[in-house]
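A.B. asks: Structure in structure tokens, see below.
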Amino acid sequence: MKKIQLEILGLSSSQSQTGSFALVLGERDGNRRLPIIIGMFEAQSIAIQIEKINPNRPLTHDLFKTFAEQMSVNITEILISDLKEGVFYSKIMCTDGEKEFELDARPSDAIAIGLRFGVPIYTVESVLSEAGIILSDLEEEEDENEEMTVKSSSSSTPSAKEPLNQTSVDDLNKMLNEALEKEDYERAAKIRDELNKRN
């Protein structure tokens with residue numbers, strides 16, 4: 001079984017399912033993309049790990065990592081192993097130093113955990129050939145998603161970006177702390193991006 005390494009390319013709101021997100025994985029040495037629809041909690045957990053945001057309290061995937069480390073279990077890789085009737089299956093490959101074993105998991109949970117251990121994400125050709133899409137198809141879909149996001153944000157808050165642009169660094173840091181306390185990681189990521197632009 002030849003494994004194909006994947007990279008996380010993006011995370012965006014799903015147009016097809018309200019409250020869900022599309023996690024887009026890309027073939028490392030190719031142009032195929034593998035979009036997976038995931039839940040809001042898992043999307044949030046993946047996003048805060050990608051963005052290096054430290055929540056005030058550990059999320060479930062952080063707890064899993066701490067537990068695994070305390071039990072001297074290490075994660076070696078994540079494998080999106082199968083696709084049956086539109087449902088993705090994955091495995092978390094583990095070792096305790098003496099034996100290797102695998103845990104069955106949803107891809108969203110497996111990837112959130114894999115990110116915390118800094119391990120590679122793989123799939124197999126059968127999954128990628130069945131559910132993968134070519135880059136050009138995805139770019140058109142992303143353009144549509146961006147237009148929808150801009151329209152929805154502009155209709156609810158016409159000047160959503162202006163306040164951050166006009167806010168002082170001290171106030172931005174306060175807002176960042178408040179967002180983290182409220183566990184509003186999407187807002188926290190936007191504030192952090194604004195702070196990074198100024199540094």
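Within each chain, counting starts at residue 1; across the structure tokens, chains are named A, B, ... in the order shown, with ligands numbered 1 upward in that order.
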Might you pull out every residue within 10 Å of segment 103-112 of chain A, with only C-alpha atoms counted and same-chain residues fewer than 3 positions away left off, and present them as a ChimeraX atom specification?
C.D. replies: /A:8,23,36-39,41-50,60-62,77-81,87-94,115-121
A.B. asks: So which residues touch Asp193 of chain A within 12 Å, counting only C-alpha atoms, skipping near sequence neighbours fewer than 6 positions away, as a PyMOL selection string?
C.D. replies: chain A and resi 51-53+161+164-165+169+172-173+176+186-187+199
A.B. asks: Could you check which of A:Asn31, A:Asn177, A:Gln70, A:Thr18 is closest to Leu6 of chain A, using only C-alpha atoms?
C.D. replies: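 Among the listed residues, the smallest separation from Leu6 of chain A belongs to A:Asn31.
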A.B. asks: With only C-alpha atoms as the atoms that count, which of A:Leu83, A:Lys2, A:Lys190, A:Thr76 lies nearest to Gly132 of chain A?
C.D. replies: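 Of all the options, A:Leu83 lies closest to Gly132 of chain A.
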A.B. asks: If you run DSSP on the backbone, which residues of segment 14-126 of chain A are helix (DSSP H, G or I), as number ranges by chain?
C.D. replies: A: 40-50, 60-70, 107-117, 125-126
A.B. asks: Can you write out the residues you just picked, keeping N, CA, C and O atoms, as a short mmCIF file (atom, residue, chain, number, x, y, z; two decimals), in the first residue's frame?
C.D. replies:
data_model
loop_
_atom_site.label_atom_id
_atom_site.label_comp_id
_atom_site.auth_asym_id
_atom_site.auth_seq_id
_atom_site.Cartn_x
_atom_site.Cartn_y
_atom_site.Cartn_z
N MET A 40 -17.71 22.11 13.42
CA MET A 40 -17.21 23.39 13.90
C MET A 40 -16.15 23.23 14.99
O MET A 40 -15.13 23.91 14.98
N PHE A 41 -16.39 22.33 15.94
CA PHE A 41 -15.44 22.14 17.04
C PHE A 41 -14.08 21.67 16.52
O PHE A 41 -13.04 22.18 16.91
N GLU A 42 -14.11 20.69 15.63
CA GLU A 42 -12.85 20.15 15.08
C GLU A 42 -12.13 21.21 14.24
O GLU A 42 -10.91 21.32 14.28
N ALA A 43 -12.92 21.99 13.48
CA ALA A 43 -12.34 23.07 12.67
C ALA A 43 -11.65 24.09 13.58
O ALA A 43 -10.54 24.55 13.30
N GLN A 44 -12.30 24.42 14.67
CA GLN A 44 -11.74 25.38 15.63
C GLN A 44 -10.44 24.83 16.23
O GLN A 44 -9.44 25.54 16.34
N SER A 45 -10.46 23.55 16.59
CA SER A 45 -9.29 22.92 17.18
C SER A 45 -8.11 22.87 16.21
O SER A 45 -6.96 23.11 16.59
N ILE A 46 -8.40 22.58 14.94
CA ILE A 46 -7.36 22.56 13.91
C ILE A 46 -6.83 23.97 13.68
O ILE A 46 -5.62 24.20 13.61
N ALA A 47 -7.75 24.94 13.60
CA ALA A 47 -7.35 26.32 13.31
C ALA A 47 -6.46 26.90 14.40
O ALA A 47 -5.45 27.54 14.10
N ILE A 48 -6.80 26.67 15.67
CA ILE A 48 -5.97 27.27 16.72
C ILE A 48 -4.59 26.64 16.78
O ILE A 48 -3.62 27.29 17.15
N GLN A 49 -4.49 25.37 16.37
CA GLN A 49 -3.17 24.73 16.35
C GLN A 49 -2.34 25.25 15.18
O GLN A 49 -1.16 25.53 15.33
N ILE A 50 -2.98 25.43 14.02
CA ILE A 50 -2.28 25.99 12.85
C ILE A 50 -1.80 27.41 13.16
O ILE A 50 -0.68 27.80 12.81
N THR A 60 -10.18 19.25 23.87
CA THR A 60 -10.17 17.79 23.94
C THR A 60 -8.92 17.19 23.30
O THR A 60 -8.32 16.26 23.83
N HIS A 61 -8.49 17.75 22.16
CA HIS A 61 -7.31 17.21 21.47
C HIS A 61 -6.02 17.51 22.24
O HIS A 61 -5.07 16.74 22.18
N ASP A 62 -6.00 18.63 22.97
CA ASP A 62 -4.85 18.93 23.84
C ASP A 62 -4.80 17.92 24.98
O ASP A 62 -3.73 17.45 25.38
N LEU A 63 -5.98 17.60 25.51
CA LEU A 63 -6.09 16.63 26.60
C LEU A 63 -5.60 15.26 26.14
O LEU A 63 -4.88 14.57 26.86
N PHE A 64 -5.98 14.88 24.91
CA PHE A 64 -5.52 13.60 24.35
C PHE A 64 -3.99 13.57 24.29
O PHE A 64 -3.37 12.57 24.66
N LYS A 65 -3.41 14.67 23.84
CA LYS A 65 -1.94 14.73 23.73
C LYS A 65 -1.28 14.59 25.09
O LYS A 65 -0.33 13.81 25.27
N THR A 66 -1.79 15.31 26.08
CA THR A 66 -1.22 15.24 27.43
C THR A 66 -1.35 13.82 27.99
O THR A 66 -0.40 13.28 28.56
N PHE A 67 -2.52 13.22 27.79
CA PHE A 67 -2.75 11.86 28.27
C PHE A 67 -1.78 10.88 27.61
O PHE A 67 -1.16 10.04 28.27
N ALA A 68 -1.66 10.98 26.29
CA ALA A 68 -0.77 10.08 25.55
C ALA A 68 0.67 10.21 26.03
O ALA A 68 1.37 9.22 26.23
N GLU A 69 1.11 11.45 26.23
CA GLU A 69 2.49 11.68 26.69
C GLU A 69 2.70 11.11 28.09
O GLU A 69 3.75 10.52 28.37
N GLN A 70 1.70 11.26 28.96
CA GLN A 70 1.81 10.71 30.32
C GLN A 70 1.88 9.18 30.31
O GLN A 70 2.50 8.58 31.19
N PRO A 107 -11.34 11.61 10.51
CA PRO A 107 -10.19 12.37 10.01
C PRO A 107 -9.99 13.71 10.71
O PRO A 107 -8.86 14.12 10.97
N SER A 108 -11.09 14.40 11.05
CA SER A 108 -10.97 15.70 11.69
C SER A 108 -10.27 15.59 13.04
O SER A 108 -9.39 16.39 13.37
N ASP A 109 -10.65 14.57 13.84
CA ASP A 109 -10.00 14.36 15.14
C ASP A 109 -8.55 13.92 14.95
O ASP A 109 -7.65 14.39 15.64
N ALA A 110 -8.35 13.00 14.01
CA ALA A 110 -7.00 12.48 13.77
C ALA A 110 -6.06 13.61 13.35
O ALA A 110 -4.92 13.70 13.85
N ILE A 111 -6.53 14.49 12.48
CA ILE A 111 -5.68 15.60 12.01
C ILE A 111 -5.42 16.60 13.12
O ILE A 111 -4.29 17.08 13.29
N ALA A 112 -6.45 16.91 13.93
CA ALA A 112 -6.26 17.83 15.06
C ALA A 112 -5.22 17.28 16.03
O ALA A 112 -4.38 18.02 16.54
N ILE A 113 -5.24 15.98 16.26
CA ILE A 113 -4.26 15.34 17.15
C ILE A 113 -2.90 15.29 16.47
O ILE A 113 -1.87 15.60 17.08
N GLY A 114 -2.88 14.92 15.20
CA GLY A 114 -1.62 14.84 14.45
C GLY A 114 -0.88 16.16 14.43
O GLY A 114 0.35 16.21 14.56
N LEU A 115 -1.61 17.26 14.29
CA LEU A 115 -0.99 18.59 14.29
C LEU A 115 -0.30 18.87 15.62
O LEU A 115 0.76 19.49 15.67
N ARG A 116 -0.91 18.41 16.71
CA ARG A 116 -0.33 18.64 18.04
C ARG A 116 0.94 17.85 18.26
O ARG A 116 1.78 18.23 19.05
N PHE A 117 1.08 16.73 17.55
CA PHE A 117 2.29 15.92 17.65
C PHE A 117 3.28 16.24 16.53
O PHE A 117 4.39 15.72 16.52
N GLU A 125 -3.90 5.91 -2.51
CA GLU A 125 -4.32 6.26 -3.87
C GLU A 125 -5.82 6.05 -4.08
O GLU A 125 -6.48 6.85 -4.74
N SER A 126 -6.37 4.99 -3.52
CA SER A 126 -7.79 4.70 -3.74
C SER A 126 -8.67 5.84 -3.22
O SER A 126 -9.67 6.20 -3.84
#
A.B. asks: Using only C-alpha atoms, which residue out of A:Gly19, A:Gly86, A:Gly10, A:Pro55 lies closest to Ala179 of chain A?
C.D. replies: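 Ranked by minimum distance to Ala179 of chain A, first place goes to A:Pro55.
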A.B. asks: Using only C-alpha atoms, which residue out of A:Glu130, A:Glu102, A:Asp29, A:Asp170 lies closest to Glu85 of chain A?
C.D. replies: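 Going through A:Glu130, A:Glu102, A:Asp29, A:Asp170 one by one, the smallest distance to Glu85 of chain A is for A:Glu130.
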A.B. asks: DSSP on the backbone, then: every residue of segment 1-46 of chain A marked strand (DSSP E or B), written as a PyMOL selection string.
C.D. replies: chain A and resi 3-13+20-27+32-39
